[in-house]
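Engineer: Below is the structure I would like to discuss, written out as structure tokens.
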Amino acid sequence: MFESLKPMPADPLLQIIAAHRADTRSDKIDLGVGVFRDEAGGTPILRAVKAAERYLVANQPTKGYLGIEGDPVFTDLLRPIIFGKNGGDASLVPGIQTPGGGGALRLGGELIATARPDAKLWLGTPSWPNHRPIFEAVKLEVREYRFADLTTQTLLFDEMMAALRQASAGDVVLLHGCCHNPTGLDLNHDQWREVADLCSANGLIPFVDLAYQGLGESLEADAMGLRTIFERVPELLLAYSCDKNFGLYRERTGALYVKASSADLARNVASNLAVHARVSWSMPPDHGAAVVRAILEQPELEADWQAEVAEMGQRIRAVRRAIASAAPSLSAIAHEYGLFSNLAVSREQVDALRTEHGIYIAPSGRMNVAGLKVEDAPRLVAALDAIGAL
Ligand code: PLP
Ligand code: TYF
């Protein structure tokens, strides 16, 4: 039967990991896949995570099955961090633990496709390259609009609003909660409010993807957009990832929250989510969520985690400032948020960066700013100049 299969392309972002690993140059620089690195170039396990793991080794009572919805204590402990104090009432906003933010996006897609198979999914471009295929996999029609101009490093808010005005009631609008992947260009407070008002007036359903809370400005500031829109619309989906802000990447830790307009509808939503999860992964992996729970249940661990998230954000902002001060034409990078910025470079220039300078960025021109050491900013800028990309 497998004769009929066509060879499929590999994930270009994940391919960079292997290509960089195989490179023997000692001064190579990996700005490919989105992981945070410290000034020494490593992705260490957070102090609070290590402490929580020691706590779990000593105290976790069982490895028995959790249940389809995962650990409700985990999803409840995250609520105040995401939605603010007393926000995200569980009786109106059911939450379910998922394998990472990626699992939450897929599960949300399944729910939308079941509830309203003819809903269109509106996606600003460029976006995370997995967004479109995830929603196409659940047979939703994806409508793209231009979100950013890479040559000027600007967000095209008017184009975005003009596109979304074409959406019909019941359509879904995918929004990056903060730290836009791949551009680092985030909506400001007034723009979030305008999008919220449009969604509310025209019956559009926001699907917010919040995968980098805390790595932009702060845990609170990075949730501002979500909270602005959350309080203004009756229905919303939120895909949340703990994989970056807790440094748990491979533990696949995340959650999906869905705001419904009544407790009855919320119960229906929860039971539908459970059915979709059961036929997808049955039950989510435990370890990452158990770590997050152990951190958030112990005030001294939570305080240390918050301090570590703040340190990560500070380092990312320092790298951004270093790039901008080494190259005036890249000054916009200092005003972008999170791990990524997307340079307007050709495939040939990306290849030349790799072969001639040992610097790895995504084929699209996206670079993981958080992979750069502050001291290497001048070298990156010199390499970009040498390939004609400044
Ligand atoms: N959404 C965006 C925008 C991302 O960049 C990522 C990256 O990993 C995810 C979702 C998924 O995160 P996770 O690794 O938790 O699946
Ligand atoms: O965009 C990134 O680099 C991160 C990590 O299939 C990632 O979001 C990349 C590709 C992928 C899953 C996660």
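Residues are referred to by chain and number: the chain letter is A, B, ... according to the order shown in the structure tokens, the number counts from 1 in that chain, and ligands are numbered separately from 1 in the order shown.
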Pull the closest atom pair for each residue of chain A that gets at most 8 Å from ligand 1, along with the distance in Å to one decimal, counting only C-alpha atoms and all ligand atoms, ordering rows by chain and then ascending residue number, as a Markdown table.
Structural biologist:
```
| residue | atom | partner | partner_atom_place_in_ligand_line | distance |
| --- | --- | --- | --- | --- |
| A:Gly34 | CA | ligand 1 | 7 (C) | 6.9 |
| A:Pro99 | CA | ligand 1 | 16 (O) | 6.8 |
| A:Gly100 | CA | ligand 1 | 15 (O) | 3.4 |
| A:Gly101 | CA | ligand 1 | 15 (O) | 3.7 |
| A:Gly102 | CA | ligand 1 | 16 (O) | 3.5 |
| A:Gly103 | CA | ligand 1 | 16 (O) | 6.2 |
| A:Ala104 | CA | ligand 1 | 16 (O) | 7.8 |
| A:Leu105 | CA | ligand 1 | 10 (C) | 7.3 |
| A:Ser127 | CA | ligand 1 | 3 (C) | 7.5 |
| A:Trp128 | CA | ligand 1 | 3 (C) | 5.4 |
| A:His131 | CA | ligand 1 | 1 (N) | 7.6 |
| A:His176 | CA | ligand 1 | 3 (C) | 6.5 |
| A:His180 | CA | ligand 1 | 3 (C) | 6.7 |
| A:Asn181 | CA | ligand 1 | 3 (C) | 5.2 |
| A:Pro182 | CA | ligand 1 | 5 (O) | 7.8 |
| A:Asp209 | CA | ligand 1 | 1 (N) | 5.7 |
| A:Leu210 | CA | ligand 1 | 1 (N) | 6.7 |
| A:Ala211 | CA | ligand 1 | 1 (N) | 5.1 |
| A:Tyr212 | CA | ligand 1 | 5 (O) | 7.7 |
| A:Ala239 | CA | ligand 1 | 10 (C) | 7.5 |
| A:Tyr240 | CA | ligand 1 | 15 (O) | 7.4 |
| A:Ser241 | CA | ligand 1 | 15 (O) | 4.3 |
| A:Cys242 | CA | ligand 1 | 15 (O) | 6.2 |
| A:Asp243 | CA | ligand 1 | 15 (O) | 4.8 |
| A:Lys244 | CA | ligand 1 | 15 (O) | 7.2 |
| A:Tyr249 | CA | ligand 1 | 14 (O) | 5.7 |
| A:Arg250 | CA | ligand 1 | 14 (O) | 7.5 |
| A:Arg252 | CA | ligand 1 | 15 (O) | 5.7 |
| A:Thr253 | CA | ligand 1 | 15 (O) | 5.9 |
| A:Gly254 | CA | ligand 1 | 15 (O) | 5.8 |
```
Engineer: Hey, which bits of chain A sit within 7 Å of ligand 2, and for each residue what's the closest pair of atoms and how far apart in Å (one decimal), counting only C-alpha atoms and all ligand atoms, rows by chain and increasing number, as JSON lines?
Structural biologist:
```
{"residue": "A:Asp11", "atom": "CA", "partner": "ligand 2", "partner_atom_place_in_ligand_line": "6 (O)", "distance": 6.0}
{"residue": "A:Leu13", "atom": "CA", "partner": "ligand 2", "partner_atom_place_in_ligand_line": "10 (C)", "distance": 5.2}
{"residue": "A:Leu14", "atom": "CA", "partner": "ligand 2", "partner_atom_place_in_ligand_line": "10 (C)", "distance": 5.6}
{"residue": "A:Gly32", "atom": "CA", "partner": "ligand 2", "partner_atom_place_in_ligand_line": "3 (O)", "distance": 6.7}
{"residue": "A:Val33", "atom": "CA", "partner": "ligand 2", "partner_atom_place_in_ligand_line": "3 (O)", "distance": 3.7}
{"residue": "A:Gly34", "atom": "CA", "partner": "ligand 2", "partner_atom_place_in_ligand_line": "3 (O)", "distance": 3.5}
{"residue": "A:Val35", "atom": "CA", "partner": "ligand 2", "partner_atom_place_in_ligand_line": "3 (O)", "distance": 6.9}
{"residue": "A:Trp128", "atom": "CA", "partner": "ligand 2", "partner_atom_place_in_ligand_line": "1 (O)", "distance": 6.0}
{"residue": "A:Asn130", "atom": "CA", "partner": "ligand 2", "partner_atom_place_in_ligand_line": "6 (O)", "distance": 6.3}
{"residue": "A:Asn181", "atom": "CA", "partner": "ligand 2", "partner_atom_place_in_ligand_line": "1 (O)", "distance": 6.5}
```
Engineer: Would you save the residues from that selection as a compact mmCIF listing (two decimals), in the first residue's frame, using N, CA and C atoms?
Structural biologist:
```
# COMPACT_ATOMS: atom_id res chain seq x y z
N ASP A 11 10.50 19.29 8.00
CA ASP A 11 10.26 20.60 8.60
C ASP A 11 11.56 21.41 8.49
N LEU A 13 12.56 24.12 9.77
CA LEU A 13 13.11 24.64 11.03
C LEU A 13 13.86 23.55 11.78
N LEU A 14 13.27 22.36 11.82
CA LEU A 14 13.90 21.27 12.58
C LEU A 14 15.12 20.73 11.84
N GLY A 32 18.63 29.23 14.40
CA GLY A 32 17.56 28.53 13.69
C GLY A 32 16.33 28.31 14.56
N VAL A 33 16.18 27.12 15.09
CA VAL A 33 14.94 26.77 15.79
C VAL A 33 14.80 27.62 17.05
N GLY A 34 13.56 27.89 17.42
CA GLY A 34 13.27 28.83 18.51
C GLY A 34 13.44 28.24 19.89
N VAL A 35 14.67 28.22 20.37
CA VAL A 35 14.91 27.92 21.79
C VAL A 35 15.72 29.06 22.37
N TRP A 128 3.98 31.37 11.91
CA TRP A 128 4.69 30.12 12.23
C TRP A 128 4.32 29.10 11.14
N ASN A 130 3.88 26.14 10.96
CA ASN A 130 2.97 25.04 11.30
C ASN A 130 1.50 25.46 11.36
N ASN A 181 5.82 35.15 15.95
CA ASN A 181 6.74 34.24 15.25
C ASN A 181 6.32 34.21 13.79
```
Engineer: Take CA of Glu159 (chain A) and CA of Asp186 (chain A) and report the distance between them in Å, one decimal.
Structural biologist: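 Here the two named atoms are 14.8 Å from each other.
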Engineer: Residues within 8 Å of region 37-50 of chain A, please, as a PyMOL selection string. Count only C-alpha atoms; anything in the same chain fewer than 2 positions from it doesn't count.
Structural biologist: chain A and resi 35+52-54+246-248+291-292+295+301-302+304-305+308+312+315+370-374
Engineer: Identify which of the residues A:Gln314, A:Ser331, A:Gln306, A:Thr355 lies closest to Glu220 (chain A), counting only C-alpha atoms when measuring atom-to-atom distances.
Structural biologist: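 With only C-alpha atoms as the atom set, the closest residue is A:Gln306.
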Engineer: From a DSSP calculation on the backbone, collect every residue of region 44-240 of chain A in strand (DSSP E) and output the set as a compact mmCIF listing (two decimals) with N, CA and C atoms, in the first residue's frame.
Structural biologist:
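Dumped everything to selection13.txt:
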```txt
# COMPACT_ATOMS: atom_id res chain seq x y z
N GLY A 95 -10.54 24.31 30.55
CA GLY A 95 -9.16 24.16 30.09
C GLY A 95 -8.81 22.68 30.03
N ILE A 96 -7.95 22.33 29.11
CA ILE A 96 -7.53 20.94 28.98
C ILE A 96 -6.02 20.92 28.72
N GLN A 97 -5.32 20.04 29.41
CA GLN A 97 -3.87 19.92 29.23
C GLN A 97 -3.58 19.25 27.89
N THR A 98 -2.60 19.78 27.17
CA THR A 98 -2.31 19.26 25.83
C THR A 98 -0.81 19.00 25.67
N PRO A 99 -0.43 18.17 24.69
CA PRO A 99 0.99 18.03 24.40
C PRO A 99 1.51 19.30 23.73
N LYS A 120 -14.01 29.87 8.26
CA LYS A 120 -12.70 30.12 7.66
C LYS A 120 -11.74 30.55 8.77
N LEU A 121 -10.50 30.17 8.59
CA LEU A 121 -9.46 30.51 9.57
C LEU A 121 -8.60 31.60 8.96
N TRP A 122 -8.60 32.80 9.55
CA TRP A 122 -7.88 33.96 9.00
C TRP A 122 -6.50 34.02 9.64
N LEU A 123 -5.51 34.03 8.76
CA LEU A 123 -4.12 33.91 9.22
C LEU A 123 -3.27 35.00 8.57
N GLY A 124 -2.63 35.82 9.41
CA GLY A 124 -1.73 36.86 8.89
C GLY A 124 -0.41 36.23 8.47
N THR A 125 0.18 36.74 7.38
CA THR A 125 1.46 36.19 6.94
C THR A 125 2.56 37.25 7.03
N GLU A 141 -10.85 25.90 5.98
CA GLU A 141 -10.32 26.75 4.90
C GLU A 141 -9.50 27.88 5.51
N VAL A 142 -8.26 27.99 5.06
CA VAL A 142 -7.37 29.03 5.60
C VAL A 142 -7.35 30.22 4.65
N ARG A 143 -7.63 31.41 5.17
CA ARG A 143 -7.57 32.65 4.38
C ARG A 143 -6.40 33.48 4.89
N GLU A 144 -5.47 33.78 4.03
CA GLU A 144 -4.30 34.53 4.45
C GLU A 144 -4.43 36.02 4.11
N TYR A 145 -3.84 36.85 4.95
CA TYR A 145 -3.72 38.29 4.64
C TYR A 145 -2.31 38.70 5.05
N ARG A 146 -1.85 39.83 4.49
CA ARG A 146 -0.50 40.29 4.80
C ARG A 146 -0.47 40.98 6.16
N ALA A 148 2.74 41.63 7.83
CA ALA A 148 3.97 42.40 8.04
C ALA A 148 4.71 42.59 6.72
N ASP A 149 5.39 43.74 6.64
CA ASP A 149 6.27 44.02 5.51
C ASP A 149 7.70 43.84 6.00
N THR A 154 7.70 46.46 9.28
CA THR A 154 6.52 47.10 9.88
C THR A 154 5.31 46.18 9.82
N LEU A 155 4.45 46.39 10.81
CA LEU A 155 3.21 45.64 10.92
C LEU A 155 2.17 46.36 10.04
N VAL A 172 -12.88 32.40 12.22
CA VAL A 172 -11.92 32.39 13.32
C VAL A 172 -10.69 33.20 12.92
N VAL A 173 -10.19 34.01 13.87
CA VAL A 173 -9.02 34.86 13.60
C VAL A 173 -7.87 34.39 14.47
N LEU A 174 -6.83 33.87 13.83
CA LEU A 174 -5.66 33.41 14.59
C LEU A 174 -4.79 34.62 14.93
N LEU A 175 -4.49 34.79 16.21
CA LEU A 175 -3.69 35.94 16.66
C LEU A 175 -2.53 35.45 17.52
N HIS A 176 -1.34 35.99 17.28
CA HIS A 176 -0.21 35.67 18.15
C HIS A 176 -0.34 36.53 19.41
N ILE A 205 -14.41 34.89 15.89
CA ILE A 205 -13.93 34.21 17.08
C ILE A 205 -12.40 34.23 17.12
N PRO A 206 -11.82 34.92 18.12
CA PRO A 206 -10.35 34.96 18.19
C PRO A 206 -9.80 33.61 18.68
N PHE A 207 -8.73 33.17 18.04
CA PHE A 207 -7.98 32.00 18.51
C PHE A 207 -6.58 32.54 18.77
N VAL A 208 -6.27 32.75 20.06
CA VAL A 208 -5.00 33.37 20.44
C VAL A 208 -3.97 32.26 20.71
N ASP A 209 -2.81 32.41 20.11
CA ASP A 209 -1.71 31.47 20.31
C ASP A 209 -0.67 32.16 21.19
N LEU A 210 -0.60 31.75 22.45
CA LEU A 210 0.31 32.40 23.40
C LEU A 210 1.41 31.40 23.78
N LEU A 236 -13.89 32.53 22.65
CA LEU A 236 -12.47 32.68 22.29
C LEU A 236 -11.76 31.36 22.57
N LEU A 237 -10.73 31.08 21.78
CA LEU A 237 -9.86 29.93 22.08
C LEU A 237 -8.48 30.46 22.40
N LEU A 238 -7.80 29.77 23.33
CA LEU A 238 -6.42 30.14 23.66
C LEU A 238 -5.55 28.89 23.69
N ALA A 239 -4.56 28.85 22.82
CA ALA A 239 -3.55 27.78 22.87
C ALA A 239 -2.37 28.30 23.67
N TYR A 240 -2.03 27.61 24.75
CA TYR A 240 -0.95 28.09 25.63
C TYR A 240 0.19 27.08 25.66
```
